[in-house]
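J.: Provided herewith: target-v3.txt, compact mmCIF, C-alpha atoms and all ligand atoms.
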```txt
# COMPACT_ATOMS: atom_id res chain seq x y z
CA MET A 1 -297.90 -41.38 8.71
CA PRO A 2 -298.40 -37.70 9.59
CA ASP A 3 -301.49 -36.07 8.15
CA THR A 4 -300.49 -34.68 4.82
CA ARG A 5 -303.89 -33.92 3.37
CA PHE A 6 -304.68 -30.78 1.46
CA PRO A 7 -305.86 -28.14 2.39
CA GLN A 8 -304.86 -28.61 6.08
CA THR A 9 -301.35 -29.18 4.80
CA ARG A 10 -299.91 -26.68 2.38
CA LEU A 11 -296.21 -27.39 1.84
CA ARG A 12 -295.87 -24.01 0.16
CA ARG A 13 -296.45 -22.18 3.50
CA ASN A 14 -292.88 -22.80 4.55
CA ARG A 15 -291.68 -21.48 1.24
CA HIS A 16 -293.64 -18.23 1.50
CA ASP A 17 -290.80 -16.00 2.77
CA ALA A 18 -287.03 -16.02 2.49
CA TRP A 19 -286.66 -16.18 6.29
CA THR A 20 -288.78 -19.36 6.61
CA ARG A 21 -286.95 -20.93 3.71
CA ARG A 22 -283.72 -20.26 5.59
CA LEU A 23 -285.16 -21.65 8.83
CA VAL A 24 -286.34 -24.95 7.36
CA ALA A 25 -283.34 -25.56 5.09
CA GLU A 26 -282.10 -29.12 5.65
CA HIS A 27 -278.59 -28.62 4.30
CA ALA A 28 -276.11 -25.80 4.07
CA LEU A 29 -273.02 -25.18 2.01
CA SER A 30 -270.12 -23.27 3.52
CA VAL A 31 -266.58 -22.39 2.61
CA ASP A 32 -265.49 -25.25 4.91
CA ASP A 33 -266.87 -27.70 2.33
CA LEU A 34 -264.66 -26.57 -0.53
CA ILE A 35 -261.40 -28.04 -1.84
CA TRP A 36 -259.79 -26.24 -4.76
CA PRO A 37 -257.84 -28.21 -7.42
CA VAL A 38 -254.90 -26.08 -8.63
CA PHE A 39 -252.98 -26.76 -11.86
CA LEU A 40 -249.25 -26.12 -11.99
CA ARG A 41 -246.94 -25.63 -14.94
CA GLU A 42 -243.20 -25.48 -15.38
CA GLY A 43 -241.38 -22.25 -16.17
CA THR A 44 -241.92 -18.74 -14.94
CA GLY A 45 -244.23 -15.85 -15.58
CA GLU A 46 -247.86 -15.68 -16.60
CA ALA A 47 -250.28 -18.46 -15.76
CA SER A 48 -251.59 -20.14 -18.94
CA ALA A 49 -255.32 -20.50 -19.59
CA VAL A 50 -256.91 -23.94 -20.00
CA ALA A 51 -258.99 -23.59 -23.16
CA SER A 52 -261.63 -26.16 -22.24
CA MET A 53 -262.04 -24.84 -18.68
CA PRO A 54 -262.92 -21.12 -18.88
CA GLY A 55 -261.62 -19.35 -15.75
CA VAL A 56 -259.05 -22.07 -14.92
CA VAL A 57 -255.30 -21.55 -15.36
CA ARG A 58 -252.03 -23.40 -14.83
CA ALA A 59 -249.94 -21.38 -12.39
CA THR A 60 -246.14 -21.19 -12.42
CA LEU A 61 -244.21 -21.59 -9.18
CA ASP A 62 -243.20 -17.94 -9.07
CA GLY A 63 -246.83 -16.88 -9.38
CA LEU A 64 -248.25 -19.59 -7.14
CA ALA A 65 -248.44 -17.75 -3.81
CA ALA A 66 -250.34 -14.88 -5.41
CA HIS A 67 -252.60 -17.37 -7.23
CA VAL A 68 -253.46 -19.19 -3.99
CA GLU A 69 -253.69 -16.16 -1.69
CA PRO A 70 -257.35 -15.26 -2.49
CA ALA A 71 -258.43 -18.81 -1.61
CA VAL A 72 -256.62 -18.56 1.73
CA ARG A 73 -258.19 -15.17 2.41
CA LEU A 74 -261.65 -16.58 1.66
CA GLY A 75 -261.07 -19.41 4.15
CA ILE A 76 -260.88 -22.39 1.81
CA PRO A 77 -259.49 -25.24 3.98
CA ALA A 78 -257.43 -27.13 1.40
CA ILE A 79 -256.15 -27.14 -2.17
CA ALA A 80 -255.10 -30.05 -4.40
CA PHE A 81 -252.15 -29.81 -6.81
CA PHE A 82 -252.11 -31.18 -10.38
CA PRO A 83 -248.97 -30.73 -12.51
CA ALA A 84 -248.73 -30.12 -16.26
CA THR A 85 -245.35 -31.79 -16.64
CA ASP A 86 -242.87 -30.79 -19.33
CA PRO A 87 -243.26 -33.48 -22.07
CA ALA A 88 -239.46 -33.85 -22.10
CA LYS A 89 -239.69 -35.18 -18.52
CA LYS A 90 -242.28 -37.85 -19.31
CA ASP A 91 -241.26 -41.47 -19.82
CA ALA A 92 -242.87 -44.91 -19.80
CA GLU A 93 -242.26 -45.43 -16.08
CA GLY A 94 -243.31 -41.94 -14.92
CA THR A 95 -239.92 -41.38 -13.30
CA GLU A 96 -240.60 -37.71 -12.62
CA ALA A 97 -243.36 -38.71 -10.17
CA THR A 98 -240.74 -39.67 -7.58
CA ASN A 99 -238.42 -36.72 -8.12
CA PRO A 100 -238.41 -34.86 -4.77
CA ASN A 101 -237.98 -31.63 -6.72
CA ASN A 102 -240.84 -32.13 -9.17
CA LEU A 103 -243.52 -29.48 -9.59
CA VAL A 104 -245.87 -30.82 -6.91
CA CYS A 105 -243.14 -31.21 -4.28
CA SER A 106 -241.70 -27.77 -5.04
CA ALA A 107 -245.17 -26.24 -4.86
CA ALA A 108 -245.86 -27.97 -1.54
CA ARG A 109 -242.67 -26.65 0.06
CA LEU A 110 -243.37 -23.15 -1.23
CA ILE A 111 -247.01 -22.98 -0.15
CA LYS A 112 -246.37 -24.59 3.27
CA ARG A 113 -243.83 -21.87 3.95
CA GLU A 114 -246.16 -19.12 2.73
CA PHE A 115 -249.47 -20.42 4.17
CA PRO A 116 -248.73 -23.00 6.91
CA ASP A 117 -252.41 -23.39 7.85
CA LEU A 118 -253.65 -24.30 4.37
CA GLY A 119 -254.24 -28.05 3.83
CA LEU A 120 -252.35 -29.50 0.86
CA ILE A 121 -253.55 -32.49 -1.12
CA GLY A 122 -251.31 -34.44 -3.47
CA ASP A 123 -252.74 -36.64 -6.20
CA VAL A 124 -250.91 -39.94 -6.41
CA ALA A 125 -250.96 -41.62 -9.85
CA LEU A 126 -248.43 -41.71 -12.66
CA ASP A 127 -250.48 -40.19 -15.49
CA PRO A 128 -249.07 -36.64 -15.31
CA TYR A 129 -245.62 -38.20 -15.78
CA THR A 130 -246.04 -41.08 -18.25
CA ASN A 131 -245.66 -40.71 -22.00
CA HIS A 132 -248.62 -43.08 -22.52
CA GLY A 133 -250.94 -41.21 -20.12
CA HIS A 134 -251.82 -44.23 -17.97
CA ASP A 135 -251.80 -44.11 -14.18
CA GLY A 136 -249.34 -46.97 -13.82
CA VAL A 137 -246.53 -48.80 -15.57
CA ILE A 138 -247.39 -51.01 -18.53
CA ARG A 139 -246.29 -54.64 -18.83
CA ASP A 140 -247.49 -56.75 -21.77
CA GLY A 141 -250.00 -54.07 -22.75
CA TYR A 142 -251.64 -54.03 -19.31
CA VAL A 143 -251.37 -51.48 -16.49
CA ALA A 144 -249.46 -53.74 -14.09
CA ASN A 145 -250.96 -53.52 -10.62
CA ASP A 146 -248.22 -54.75 -8.31
CA GLU A 147 -245.29 -53.13 -10.14
CA THR A 148 -247.21 -49.86 -10.05
CA LEU A 149 -247.67 -50.03 -6.27
CA ALA A 150 -243.94 -49.65 -5.72
CA ARG A 151 -243.93 -46.48 -7.85
CA LEU A 152 -246.98 -45.03 -6.09
CA THR A 153 -245.63 -45.57 -2.59
CA ALA A 154 -242.40 -43.81 -3.55
CA GLN A 155 -244.43 -40.96 -5.08
CA ALA A 156 -246.55 -40.66 -1.93
CA ARG A 157 -243.44 -40.55 0.23
CA VAL A 158 -241.71 -37.70 -1.66
CA GLN A 159 -244.93 -35.71 -1.62
CA ALA A 160 -245.48 -36.21 2.11
CA GLU A 161 -241.87 -35.31 2.86
CA ALA A 162 -242.31 -32.10 0.84
CA GLY A 163 -245.26 -31.07 3.01
CA ILE A 164 -248.33 -32.61 1.38
CA ASP A 165 -250.83 -33.25 4.20
CA ILE A 166 -253.26 -35.54 2.39
CA ILE A 167 -252.16 -38.20 -0.07
CA ALA A 168 -254.94 -38.80 -2.58
CA PRO A 169 -254.34 -41.91 -4.69
CA SER A 170 -256.35 -41.60 -7.92
CA ASP A 171 -254.83 -44.54 -9.77
CA MET A 172 -257.33 -47.30 -8.82
CA MET A 173 -254.65 -49.98 -8.36
CA ASP A 174 -255.76 -52.73 -5.95
CA GLY A 175 -254.00 -52.56 -2.59
CA ARG A 176 -252.55 -49.08 -2.97
CA VAL A 177 -254.04 -47.61 0.18
CA ALA A 178 -252.47 -50.28 2.42
CA ALA A 179 -249.16 -50.01 0.60
CA ILE A 180 -249.09 -46.21 0.92
CA ARG A 181 -250.10 -46.32 4.61
CA GLU A 182 -247.33 -48.79 5.35
CA THR A 183 -244.73 -46.70 3.53
CA LEU A 184 -245.78 -43.47 5.24
CA ASP A 185 -245.79 -45.09 8.68
CA ALA A 186 -242.38 -46.68 8.12
CA ALA A 187 -241.06 -43.20 7.29
CA GLY A 188 -242.58 -41.78 10.49
CA LEU A 189 -245.19 -39.82 8.54
CA ILE A 190 -248.02 -40.96 10.79
CA HIS A 191 -250.03 -37.74 10.54
CA THR A 192 -250.18 -37.71 6.76
CA ARG A 193 -253.77 -38.50 5.83
CA ILE A 194 -255.03 -40.60 2.93
CA MET A 195 -258.06 -39.54 0.91
CA SER A 196 -258.58 -42.36 -1.55
CA TYR A 197 -260.33 -41.94 -4.85
CA ALA A 198 -262.26 -45.04 -3.78
CA ALA A 199 -264.99 -45.21 -6.40
CA LYS A 200 -263.52 -43.68 -9.50
CA TYR A 201 -265.27 -44.37 -12.78
CA ALA A 202 -263.83 -44.62 -16.30
CA SER A 203 -265.49 -41.38 -17.37
CA ALA A 204 -265.77 -39.12 -20.39
CA PHE A 205 -266.03 -36.21 -17.97
CA TYR A 206 -262.25 -36.12 -17.41
CA GLY A 207 -261.62 -34.75 -20.91
CA PRO A 208 -260.80 -31.13 -20.04
CA PHE A 209 -258.50 -32.26 -17.18
CA ARG A 210 -256.31 -34.03 -19.73
CA ASP A 211 -256.22 -30.76 -21.69
CA ALA A 212 -255.10 -28.97 -18.49
CA LEU A 213 -252.30 -31.49 -17.91
CA GLY A 214 -251.20 -31.31 -21.54
CA ASN A 215 -252.19 -34.98 -21.92
CA LEU A 216 -254.86 -34.54 -24.61
CA GLY A 217 -253.23 -36.57 -27.32
CA THR A 218 -251.15 -38.59 -24.88
CA LEU A 219 -253.50 -41.24 -23.53
CA LYS A 220 -253.29 -44.46 -25.49
CA GLY A 221 -256.58 -46.33 -25.31
CA ASP A 222 -258.78 -45.84 -22.27
CA LYS A 223 -258.67 -46.56 -18.54
CA LYS A 224 -261.38 -49.22 -18.42
CA THR A 225 -259.08 -51.90 -17.03
CA SER A 226 -258.32 -49.83 -13.95
CA GLN A 227 -261.26 -47.44 -13.38
CA MET A 228 -264.82 -48.56 -12.65
CA ASP A 229 -267.57 -49.33 -15.13
CA PRO A 230 -270.33 -46.66 -14.94
CA ALA A 231 -272.84 -49.52 -14.95
CA ASN A 232 -271.78 -50.60 -11.45
CA SER A 233 -272.97 -49.50 -8.03
CA ASP A 234 -272.52 -52.49 -5.64
CA GLU A 235 -268.90 -52.62 -6.73
CA ALA A 236 -268.41 -49.05 -5.48
CA LEU A 237 -269.34 -50.23 -1.97
CA ARG A 238 -266.73 -52.99 -2.19
CA GLU A 239 -264.10 -50.47 -3.34
CA VAL A 240 -264.94 -48.10 -0.48
CA GLY A 241 -265.03 -50.91 2.08
CA MET A 242 -261.62 -52.16 1.02
CA ASP A 243 -260.05 -48.69 1.12
CA ILE A 244 -261.39 -48.09 4.64
CA ALA A 245 -260.07 -51.48 5.75
CA GLU A 246 -256.67 -50.57 4.27
CA GLY A 247 -256.52 -47.34 6.27
CA ALA A 248 -258.13 -44.56 4.21
CA ASP A 249 -259.00 -41.59 6.44
CA MET A 250 -261.41 -40.13 3.89
CA ILE A 251 -262.82 -41.40 0.62
CA MET A 252 -263.87 -39.80 -2.63
CA ILE A 253 -266.45 -40.53 -5.32
CA LYS A 254 -265.62 -39.33 -8.81
CA PRO A 255 -267.07 -37.89 -11.05
CA GLY A 256 -269.64 -36.06 -8.95
CA MET A 257 -273.00 -35.13 -10.34
CA PRO A 258 -273.65 -38.25 -12.47
CA TYR A 259 -272.83 -40.40 -9.40
CA LEU A 260 -274.92 -38.83 -6.60
CA ASP A 261 -276.62 -42.19 -6.10
CA ILE A 262 -273.24 -43.74 -5.27
CA ILE A 263 -272.51 -41.01 -2.71
CA ARG A 264 -275.85 -41.66 -1.04
CA ARG A 265 -275.32 -45.44 -0.91
CA VAL A 266 -271.81 -45.01 0.49
CA ARG A 267 -273.06 -42.64 3.19
CA GLU A 268 -275.80 -45.08 4.19
CA ARG A 269 -273.31 -47.90 4.58
CA PHE A 270 -270.12 -46.25 5.94
CA GLU A 271 -269.29 -43.58 8.51
CA VAL A 272 -266.12 -42.40 6.79
CA PRO A 273 -265.80 -38.74 5.69
CA THR A 274 -266.90 -38.71 2.07
CA PHE A 275 -266.01 -36.26 -0.70
CA ALA A 276 -267.10 -35.80 -4.28
CA TYR A 277 -264.96 -34.56 -7.14
CA GLN A 278 -266.93 -32.25 -9.39
CA VAL A 279 -264.62 -32.99 -12.30
CA SER A 280 -263.36 -30.93 -15.20
CA GLY A 281 -266.13 -31.94 -17.61
CA GLU A 282 -268.84 -31.02 -15.12
CA TYR A 283 -267.20 -27.62 -14.64
CA ALA A 284 -266.80 -27.14 -18.40
CA MET A 285 -270.47 -27.93 -19.07
CA ILE A 286 -271.71 -25.36 -16.59
CA GLN A 287 -269.24 -22.72 -17.77
CA ALA A 288 -269.96 -23.32 -21.46
CA ALA A 289 -273.72 -23.06 -20.98
CA ALA A 290 -273.31 -19.96 -18.81
CA GLN A 291 -271.04 -18.28 -21.37
CA ASN A 292 -273.69 -18.85 -24.00
CA GLY A 293 -276.30 -17.27 -21.77
CA TRP A 294 -278.19 -20.57 -21.61
CA ILE A 295 -278.08 -20.91 -17.82
CA ASP A 296 -277.29 -18.62 -14.90
CA GLY A 297 -273.75 -19.74 -14.14
CA ASP A 298 -273.61 -18.70 -10.48
CA ARG A 299 -276.95 -20.29 -9.65
CA ALA A 300 -276.06 -23.50 -11.47
CA MET A 301 -272.73 -23.57 -9.61
CA MET A 302 -274.37 -23.21 -6.19
CA GLU A 303 -277.15 -25.66 -6.99
CA SER A 304 -274.67 -28.29 -8.19
CA LEU A 305 -272.56 -27.88 -5.04
CA MET A 306 -275.58 -28.09 -2.74
CA ALA A 307 -276.52 -31.38 -4.44
CA PHE A 308 -273.33 -32.93 -3.01
CA LYS A 309 -274.23 -31.82 0.51
CA ARG A 310 -277.74 -33.19 0.11
CA ALA A 311 -276.37 -36.50 -1.15
CA GLY A 312 -274.29 -36.72 2.04
CA CYS A 313 -270.82 -35.36 1.26
CA GLN A 314 -268.66 -33.64 3.83
CA GLY A 315 -267.05 -31.64 1.07
CA VAL A 316 -266.42 -31.21 -2.64
CA LEU A 317 -263.36 -30.83 -4.83
CA THR A 318 -264.42 -28.18 -7.30
CA TYR A 319 -262.79 -25.79 -9.75
CA PHE A 320 -265.48 -23.33 -8.64
CA ALA A 321 -264.10 -23.22 -5.07
CA PRO A 322 -262.87 -19.58 -4.95
CA ARG A 323 -265.84 -18.32 -6.92
CA ALA A 324 -268.31 -20.25 -4.74
CA ALA A 325 -266.56 -18.98 -1.60
CA GLU A 326 -266.90 -15.42 -2.87
CA TYR A 327 -270.54 -16.00 -3.70
CA LEU A 328 -271.19 -17.38 -0.20
CA ARG A 329 -269.48 -14.38 1.35
CA ALA A 330 -271.40 -11.87 -0.78
CA THR A 331 -274.81 -13.44 -0.15
CA ARG A 332 -274.41 -14.13 3.58
C1 LIG B 401 -255.46 -38.90 -12.68
C2 LIG B 401 -256.61 -38.05 -12.39
C3 LIG B 401 -257.64 -37.71 -13.28
C4 LIG B 401 -258.41 -36.75 -12.64
C5 LIG B 401 -257.89 -36.55 -11.35
N1 LIG B 401 -256.76 -37.37 -11.21
C6 LIG B 401 -257.89 -38.12 -14.70
C7 LIG B 401 -257.93 -39.53 -15.08
O1 LIG B 401 -258.07 -40.44 -14.25
O2 LIG B 401 -257.80 -39.78 -16.28
C8 LIG B 401 -259.60 -36.06 -13.26
C9 LIG B 401 -260.01 -34.77 -12.66
C10 LIG B 401 -260.95 -33.96 -13.50
O3 LIG B 401 -261.39 -34.36 -14.58
O4 LIG B 401 -261.23 -32.83 -13.09
N2 LIG B 401 -255.27 -40.09 -12.13
```
Before anything else, please render the file you have as structure tokens.

T.:
Amino acid sequence: MPDTRFPQTRLRRNRHDAWTRRLVAEHALSVDDLIWPVFLREGTGEASAVASMPGVVRATLDGLAAHVEPAVRLGIPAIAFFPATDPAKKDAEGTEATNPNNLVCSAARLIKREFPDLGLIGDVALDPYTNHGHDGVIRDGYVANDETLARLTAQARVQAEAGIDIIAPSDMMDGRVAAIRETLDAAGLIHTRIMSYAAKYASAFYGPFRDALGNLGTLKGDKKTSQMDPANSDEALREVGMDIAEGADMIMIKPGMPYLDIIRRVRERFEVPTFAYQVSGEYAMIQAAAQNGWIDGDRAMMESLMAFKRAGCQGVLTYFAPRAAEYLRATR
């Protein structure tokens, strides 16, 4: 043990000036760590505000390039699309998910043309497209694993063919990573990456996201038969291990801040690039408190993002991405 006795050792010495604090900092956050989730809506014209997520909107296709342009200018490496599907297009099987001209595919083609160097992430799960709000198809009252796989692989394929670079399955079906990898490879899409939502918990923190998708009243029941129990930690390692074995290029832990311990355990066990999703409810909490003047919103934003780097993440999906990138630029 090094000598850490007082008064020879004063840990506050290194904190005395801003320049030493910068020198001894163990972790850094940069724009390269940020992935921006972007909501899409049908129709044309003005983006619509998401009431439970102050500062977040659903963009229309005709306004999408202008919506995304500031993120590109700031140097954000990748964005992730989430569609608010017209309720008339939702059905029990989530048919619209595999329509090559659905919102996500159309957005991918448009943004690839406009900004070819921006990474595009496509969420794969049926919940934006089902009239019951579950991530898969239902048989005998249960989200049927194996029948759902066939739908997810078809969804992944239309997205990849439209220009999505990273397929991100968020459905938590067993075996979906292998099934998607096989389908992509068979279609010659060998460069399309997979970022699996490997340890995804059945969480109350997804509430505002369902508002954004227009799914607030839609979900029947809960997702506890597919998503993980917040009581479990060892199980997250099994989930991550299986997804890596099945061919995941990157993995994700979700939600973020309540699960920093899971991120740390995953990083200690596996070498795979690891991401956190700072989900809608986490964003809403910080924004709501900031709007009330109860916390400093920008500082809370930066502190929460640094926590993911400290826990071991390579990057973070966050609704704060453009704002954090601007903050980083202004304070450099
Ligand atoms: C859907 C999906 C969800 C989120 C991302 N993909 C919600 C859910 O599983 O119910 C949540 C993201 C957020 O809350 O910001 N499979």

J.: From the options A:Ile190, A:Val316, A:Ala88, A:Ile76, which residue's atoms come nearest to ligand LIG 401 (chain B), counting all atoms listed in the file?

T.: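 Smallest distance to ligand LIG 401 (chain B) is found for A:Val316.
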
J.: What would the list of residues within 12 Å of (-257.5, -16.9, 0.2) (file frame) look like as JSON, numbers by chain, if all atoms listed in the file are what count?

T.: {"A": [31, 35, 36, 65, 66, 67, 68, 69, 70, 71, 72, 73, 74, 75, 76, 77, 78, 79, 114, 115, 117, 118, 321, 322, 323, 325, 326]}

J.: Nearest to A:Leu40 among A:Val56, A:Met257, A:Leu305, A:Leu152, with distances taken over only C-alpha atoms: which residue is it?

T.: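 For A:Leu40, the nearest of the candidates is A:Val56.
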
J.: Using only C-alpha atoms, which of A:His132, A:Arg151, A:His191, A:Lys200 sits nearest A:Pro255?

T.: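 That would be A:Lys200, the residue with the smallest distance to A:Pro255.
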
J.: May I ask which of the residues A:Arg109, A:Lys254, A:Arg299, A:Lys223 is the closest one to A:Asp135, counting only C-alpha atoms?

T.: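 The shortest atom-to-atom distance to A:Asp135 comes from A:Lys223.
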
J.: Which residue is closest to ligand LIG 401 (chain B)? Choose from A:Gly221, A:Pro273, A:Gly207, A:Gly141 and count all atoms listed in the file.

T.: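 Ranked by minimum distance to ligand LIG 401 (chain B), first place goes to A:Gly207.
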
J.: Hey, which of A:Asp211, A:Asp171, A:Asp62, A:Glu235 ends up closest to ligand LIG 401 (chain B)? Count only C-alpha atoms and all ligand atoms.

T.: A:Asp171

J.: Can you tell me which residues come within 9 Å of ligand LIG 401 (chain B) when counting all atoms listed in the file, ideally as a ChimeraX atom specification?

T.: /A:37,82,123-128,133-135,168-172,197,200-210,219,222-223,227,254-255,277-283,317-319
